[in-house]
Amino acid sequence: MDNILSIKGISKSFGGKKVLDDLTFEVPRNSVYGFVGKNGAGKTTTMKLILGLYQPDKGEIYVNGKKVSFGQNETNKYIGYLPDVPEFYGYMKPTEYLKLCAEITDIPKNEVDSRIKEILTLVGLDKDNKRIKGFSRGMKQRLGIAQALLSKPALLICDEPTSALDPMGRKEILDILKSASKETTVIFSTHILTDVERICDNVGILHEGKLAWQGTMEQVGAISSNKSFQVEFDSNEDMKKAIEAIKSQNINISNLEMKDSNLENLFMEVIGHETA
Amino acid sequence: MMLANVDVQEYLPFLIPLIILQFVLLFIALRHILTHDTYKRGNRKIWLLITIVGMEFIGPILYFALGKEDE
Amino acid sequence: MRQLNAFIKKEWMEQFRTNKLLIIMIVSVMMGIMAPAVAKLTPVLFEAMADTLAEQGIAGIEVGEVTALTSWQQFYKNISMLVIVFVIMYSGSYTTEYQRGTLINIVTKGMSRTKILVSKLLVQLVVWTMAYVVNFATTYVYTEYYWDNSEVKNCIFAGLMVYIFGIWTIGLLTLASSIGDTNMSVLLITGGVVAVCYILSIVPDVAEYMPTKMLGAVEVLDGSVSTANYGKAIAVLAATYIMSIVGAILIFRKKKI
């Protein structure tokens with residue numbers, strides 16, 4: 001299988017505390033990979049290692065088949081990165097900032113303007129050409145996606161792109177990511193599991209520095225839904241009758257409010273039923 | 001003091017530009033302080049005071065170096 | 001080349017839009033005017049206070065004749081102030097970007113870190129050159145108007161010495177910015193190195209080699225000290241400047257940003 005990203009036995013400690021412990025996983029090309037874990041599980045650290053912003057204590061990372069090196073990192077040209085809190089030069093306008101990005105990534109001169117226009121329309125900032133200083137969190141997040149997607153990277157890495165936003169803003173960002181996934185592989189980290197269920201096709205669960213579980217969304221469904229399902233009745237009476245019927249068969253119902261999402265069940269199971 | 005018998009004309013070539021520049025600097029600093037609500041450190045009252053007391057140029061410089069929020 | 005141009009453009013835009021260039025230029029002109037102004041006003045103030053001083057029993061203070069030399073002496077007395085203002089204003093050029101994380105976007109796009117450093121260095125050198133030339137020219141023009149610049153010797157040489165001291169300081173600032181994480185630590189490192197140079201200069205033989213010797217270049221104006229005395233200090237300054245920049249690049253390439 002063709003993998004855009006492979007992480008091989010990465011370990012990383014900060015001041016004696018082991019954040020990543022022999023982490024190994026692969027991300028297939030053209031997938032939307034949800035990278036799930038509790039706060040402080042090492043998601044951001046993993047991403048910064050992929051970008052060559054940190055030096056791993058042990059192990060190797062390959063992006064698009066090429067090895068990642070710390071500091072001056074060549075493989076970054078394949079990657080678009082959206083930090084958890086993207087920061088820009090406040091005195092610039094979005095078009096000016098994107099132009100800077102376009103020149104750094106060496107987008108052909110005659111394509112720059114049309115590409116910027118296209119990407120600003122995609123993220124819905126085409127009407128907001130004022131200085132970035134006055135931007136809201138959500139607008140900065142959109143501009144963050146715009147700068148990450150500008151050079152049509154093979155791999156888009158998003159660090160908690162939705163955590164700081166309200167439900168409406170979250171939905172918009174997820175929609176943008178979903179549409180971006182037609183052209184690129186997306187990895188995004190989050191602790192909001194419903195976001196993953198909404199757009200991801202692959203999931204990795206990071207726990208105690210290791211990948212505790214990895215698989216496709218179909219597998220998530222297959223594993224977790226074998227003991228529980230959701231039934232809706234037309235009326236309260238029907239529901240009572242159904243429960244009576246089950247009871248008459250001596251079948252024990254452990255919980256009637258099985259509304260938790262599949263992924264959430266799996267997540268709890270994998271990290272050992274701790275409260276997240 | 002007997003400054004009265006000094007020929008002021010002689011000093012105008014430097015007094016006028018100095019005073020103008022001083023006020024330009026003061027104006028830029030005050031405008032920036034009043035149009036921003038957050039500062040790197042300190043608050044609006046402190047920066048207004050420093051800028052006006054040290055207006056010959058130290059005050060505005062201190063504000064732009066230490067008080068002005070990064071962009 | 002395109003990356004370098006793009007980042008230089010960004011740095012240059014920053015000078016205008018954050019008012020940095022405007023402020024440093026206003027300060028340059030003001031300080032350029034102040035040197036001849038103080039020279040011109042000192043005897044007037046002494047004269048005005050003569051009676052008061054006499055009443056207090058202080059008499060016989062001779063105020064020497066004010067000449068072009070007096071004006072330039074004032075200029076060199078104040079010039080370290082311009083260097084300090086410059087250093088304070090640019091102490092956050094890198095650290096602000098570290099703290100806010102603005103370089104992360106740039107670096108993760110495959111931007112060469114060396115080019116980031118070179119862009120910032122070039123723009124700072126241009127700003128320093130503009131500020132210093134304006135500062136020097138202002139004093140020169142006023143001195144010419146009130147007195148006569150031909151009275152002082154080695155006028156341009158002395159000016160150049162302070163100019164290259166500024167360039168050296170920018171090298172130091174760049175090195176400090178690759179080491180420190182906050183603008184306070186950058187100021188402490190830069191100030192610390194200059195302070196060490198001053199302390200070492202207590203030993204006269206050592207003083208001849210110190211870059212800080214440049215700030216005393218006023219001594220060549222009356223012709224009592226030869227410009228040839230500056231050779232050793234210039235050589236040390238050039239060598240340590242190159243070391244600062246090379247060191248800064250090496251450290252910055254591995255800097256956690």
# chains A, B, ... in the order shown; residues from 1 in each chain; ligands from 1

call {"tool": "closest_atom_pairs", "arguments": {"of": "chain A", "to": "chain C", "cutoff": "7 Å", "atoms": "only C-alpha atoms", "output": "Markdown table"}}
result
| residue | atom | partner | partner_atom | distance |
| --- | --- | --- | --- | --- |
| A:Leu51 | CA | C:Thr108 | CA | 6.4 |
| A:Leu53 | CA | C:Lys256 | CA | 6.5 |
| A:Gly71 | CA | C:Lys254 | CA | 5.1 |
| A:Gln72 | CA | C:Arg253 | CA | 6.4 |
| A:Asn73 | CA | C:Gly110 | CA | 6.7 |
| A:Glu74 | CA | C:Gly110 | CA | 6.3 |
| A:Asn76 | CA | C:Gly110 | CA | 5.2 |
| A:Lys77 | CA | C:Gly110 | CA | 5.3 |
| A:Tyr81 | CA | C:Thr108 | CA | 6.9 |
| A:Glu87 | CA | C:Thr102 | CA | 5.2 |
| A:Phe88 | CA | C:Thr102 | CA | 5.5 |
| A:Tyr89 | CA | C:Thr102 | CA | 7.0 |
| A:Tyr91 | CA | C:Arg17 | CA | 6.2 |
| A:Leu100 | CA | C:Ala6 | CA | 5.8 |
| A:Glu103 | CA | C:Gln3 | CA | 6.0 |
| A:Ile104 | CA | C:Gln3 | CA | 4.7 |
| A:Thr105 | CA | C:Lys109 | CA | 6.1 |

call {"tool": "write_last_selection", "arguments": {"atoms": "C-alpha atoms", "output": "PDB file, in the first residue's frame"}}
result
ATOM      1  CA  LEU A  51       7.453  18.842  10.366  1.00  0.00           C
ATOM      2  CA  LEU A  53      10.375  21.226  14.304  1.00  0.00           C
ATOM      3  CA  GLY A  71      15.733  21.963  11.492  1.00  0.00           C
ATOM      4  CA  GLN A  72      16.153  22.655   7.814  1.00  0.00           C
ATOM      5  CA  ASN A  73      13.598  20.153   6.535  1.00  0.00           C
ATOM      6  CA  GLU A  74      13.249  19.358   2.836  1.00  0.00           C
ATOM      7  CA  ASN A  76       8.105  20.217   4.312  1.00  0.00           C
ATOM      8  CA  LYS A  77       7.470  21.102   0.681  1.00  0.00           C
ATOM      9  CA  TYR A  81       0.421  22.648   8.109  1.00  0.00           C
ATOM     10  CA  GLU A  87      -0.544  33.233  13.899  1.00  0.00           C
ATOM     11  CA  PHE A  88       0.067  35.686  11.085  1.00  0.00           C
ATOM     12  CA  TYR A  89       1.610  39.091  10.568  1.00  0.00           C
ATOM     13  CA  TYR A  91      -0.068  44.266   9.543  1.00  0.00           C
ATOM     14  CA  LEU A 100       4.343  35.693   0.680  1.00  0.00           C
ATOM     15  CA  GLU A 103       6.593  32.983  -3.205  1.00  0.00           C
ATOM     16  CA  ILE A 104       8.154  30.847  -0.461  1.00  0.00           C
ATOM     17  CA  THR A 105       6.657  27.647  -1.878  1.00  0.00           C
TER      18      THR A 105
END

call {"tool": "residues_around", "arguments": {"residues": "A:Thr24", "least_positions_apart": "5", "cutoff": "9 Å", "atoms": "only C-alpha atoms", "output": "ChimeraX atom specification"}}
result
/A:6-10,59,210-211

call {"tool": "write_last_selection", "arguments": {"atoms": "N, CA and C atoms", "output": "PDB file, in the first residue's frame"}}
result
ATOM      1  N   SER A   6       4.977   7.582   6.895  1.00  0.00           N
ATOM      2  CA  SER A   6       5.226   6.456   7.797  1.00  0.00           C
ATOM      3  C   SER A   6       6.108   6.890   8.946  1.00  0.00           C
ATOM      4  N   ILE A   7       5.668   6.531  10.130  1.00  0.00           N
ATOM      5  CA  ILE A   7       6.390   6.854  11.355  1.00  0.00           C
ATOM      6  C   ILE A   7       6.898   5.543  11.916  1.00  0.00           C
ATOM      7  N   LYS A   8       8.214   5.477  12.135  1.00  0.00           N
ATOM      8  CA  LYS A   8       8.810   4.200  12.531  1.00  0.00           C
ATOM      9  C   LYS A   8       9.524   4.317  13.865  1.00  0.00           C
ATOM     10  N   GLY A   9       8.900   3.816  14.890  1.00  0.00           N
ATOM     11  CA  GLY A   9       9.535   3.696  16.209  1.00  0.00           C
ATOM     12  C   GLY A   9      10.017   4.996  16.817  1.00  0.00           C
ATOM     13  N   ILE A  10       9.146   6.030  16.754  1.00  0.00           N
ATOM     14  CA  ILE A  10       9.545   7.341  17.275  1.00  0.00           C
ATOM     15  C   ILE A  10       9.381   7.417  18.793  1.00  0.00           C
ATOM     16  N   GLY A  59      14.125   6.756  16.284  1.00  0.00           N
ATOM     17  CA  GLY A  59      13.151   6.472  15.240  1.00  0.00           C
ATOM     18  C   GLY A  59      13.264   7.375  14.027  1.00  0.00           C
ATOM     19  N   LYS A 210       1.825   5.667  22.643  1.00  0.00           N
ATOM     20  CA  LYS A 210       1.781   4.612  21.637  1.00  0.00           C
ATOM     21  C   LYS A 210       0.459   4.700  20.876  1.00  0.00           C
ATOM     22  N   LEU A 211       0.448   4.077  19.687  1.00  0.00           N
ATOM     23  CA  LEU A 211      -0.803   4.020  18.974  1.00  0.00           C
ATOM     24  C   LEU A 211      -1.608   2.837  19.522  1.00  0.00           C
TER      25      LEU A 211
END

call {"tool": "residues_around", "arguments": {"residues": "stretch 30-45 of chain B", "least_positions_apart": "5", "cutoff": "12 Å", "atoms": "only C-alpha atoms", "output": "PyMOL selection string"}}
result
(chain A and resi 133-134) or (chain B and resi 23-25+50-52+55+59-71) or (chain C and resi 18-19+92+96+183)

call {"tool": "select_by_dssp", "arguments": {"residues": "stretch 105-275 of chain A", "states": "helix (DSSP H, G or I)", "output": "PyMOL selection string"}}
result
chain A and resi 109-123+132-134+137-149+167-180+193-199+217-224+236-248+262-270

call {"tool": "residues_around", "arguments": {"residues": "stretch 71-83 of chain C", "least_positions_apart": "2", "cutoff": "6 Å", "atoms": "only C-alpha atoms", "output": "list of chain:residue names"}}
result
C:Ala35, C:Pro36, C:Ala39, C:Ala68, C:Leu69, C:Val85, C:Phe86

call {"tool": "atom_distance", "arguments": {"atom1": "atom CA of A:Ile271", "atom2": "atom CA of A:Val19"}}
result
15.5 Å

call {"tool": "closest_residue", "arguments": {"among": "A:Phe70, A:Phe25, A:Tyr54, A:Phe135", "to": "A:Pro94", "atoms": "only C-alpha atoms"}}
result
A:Phe135
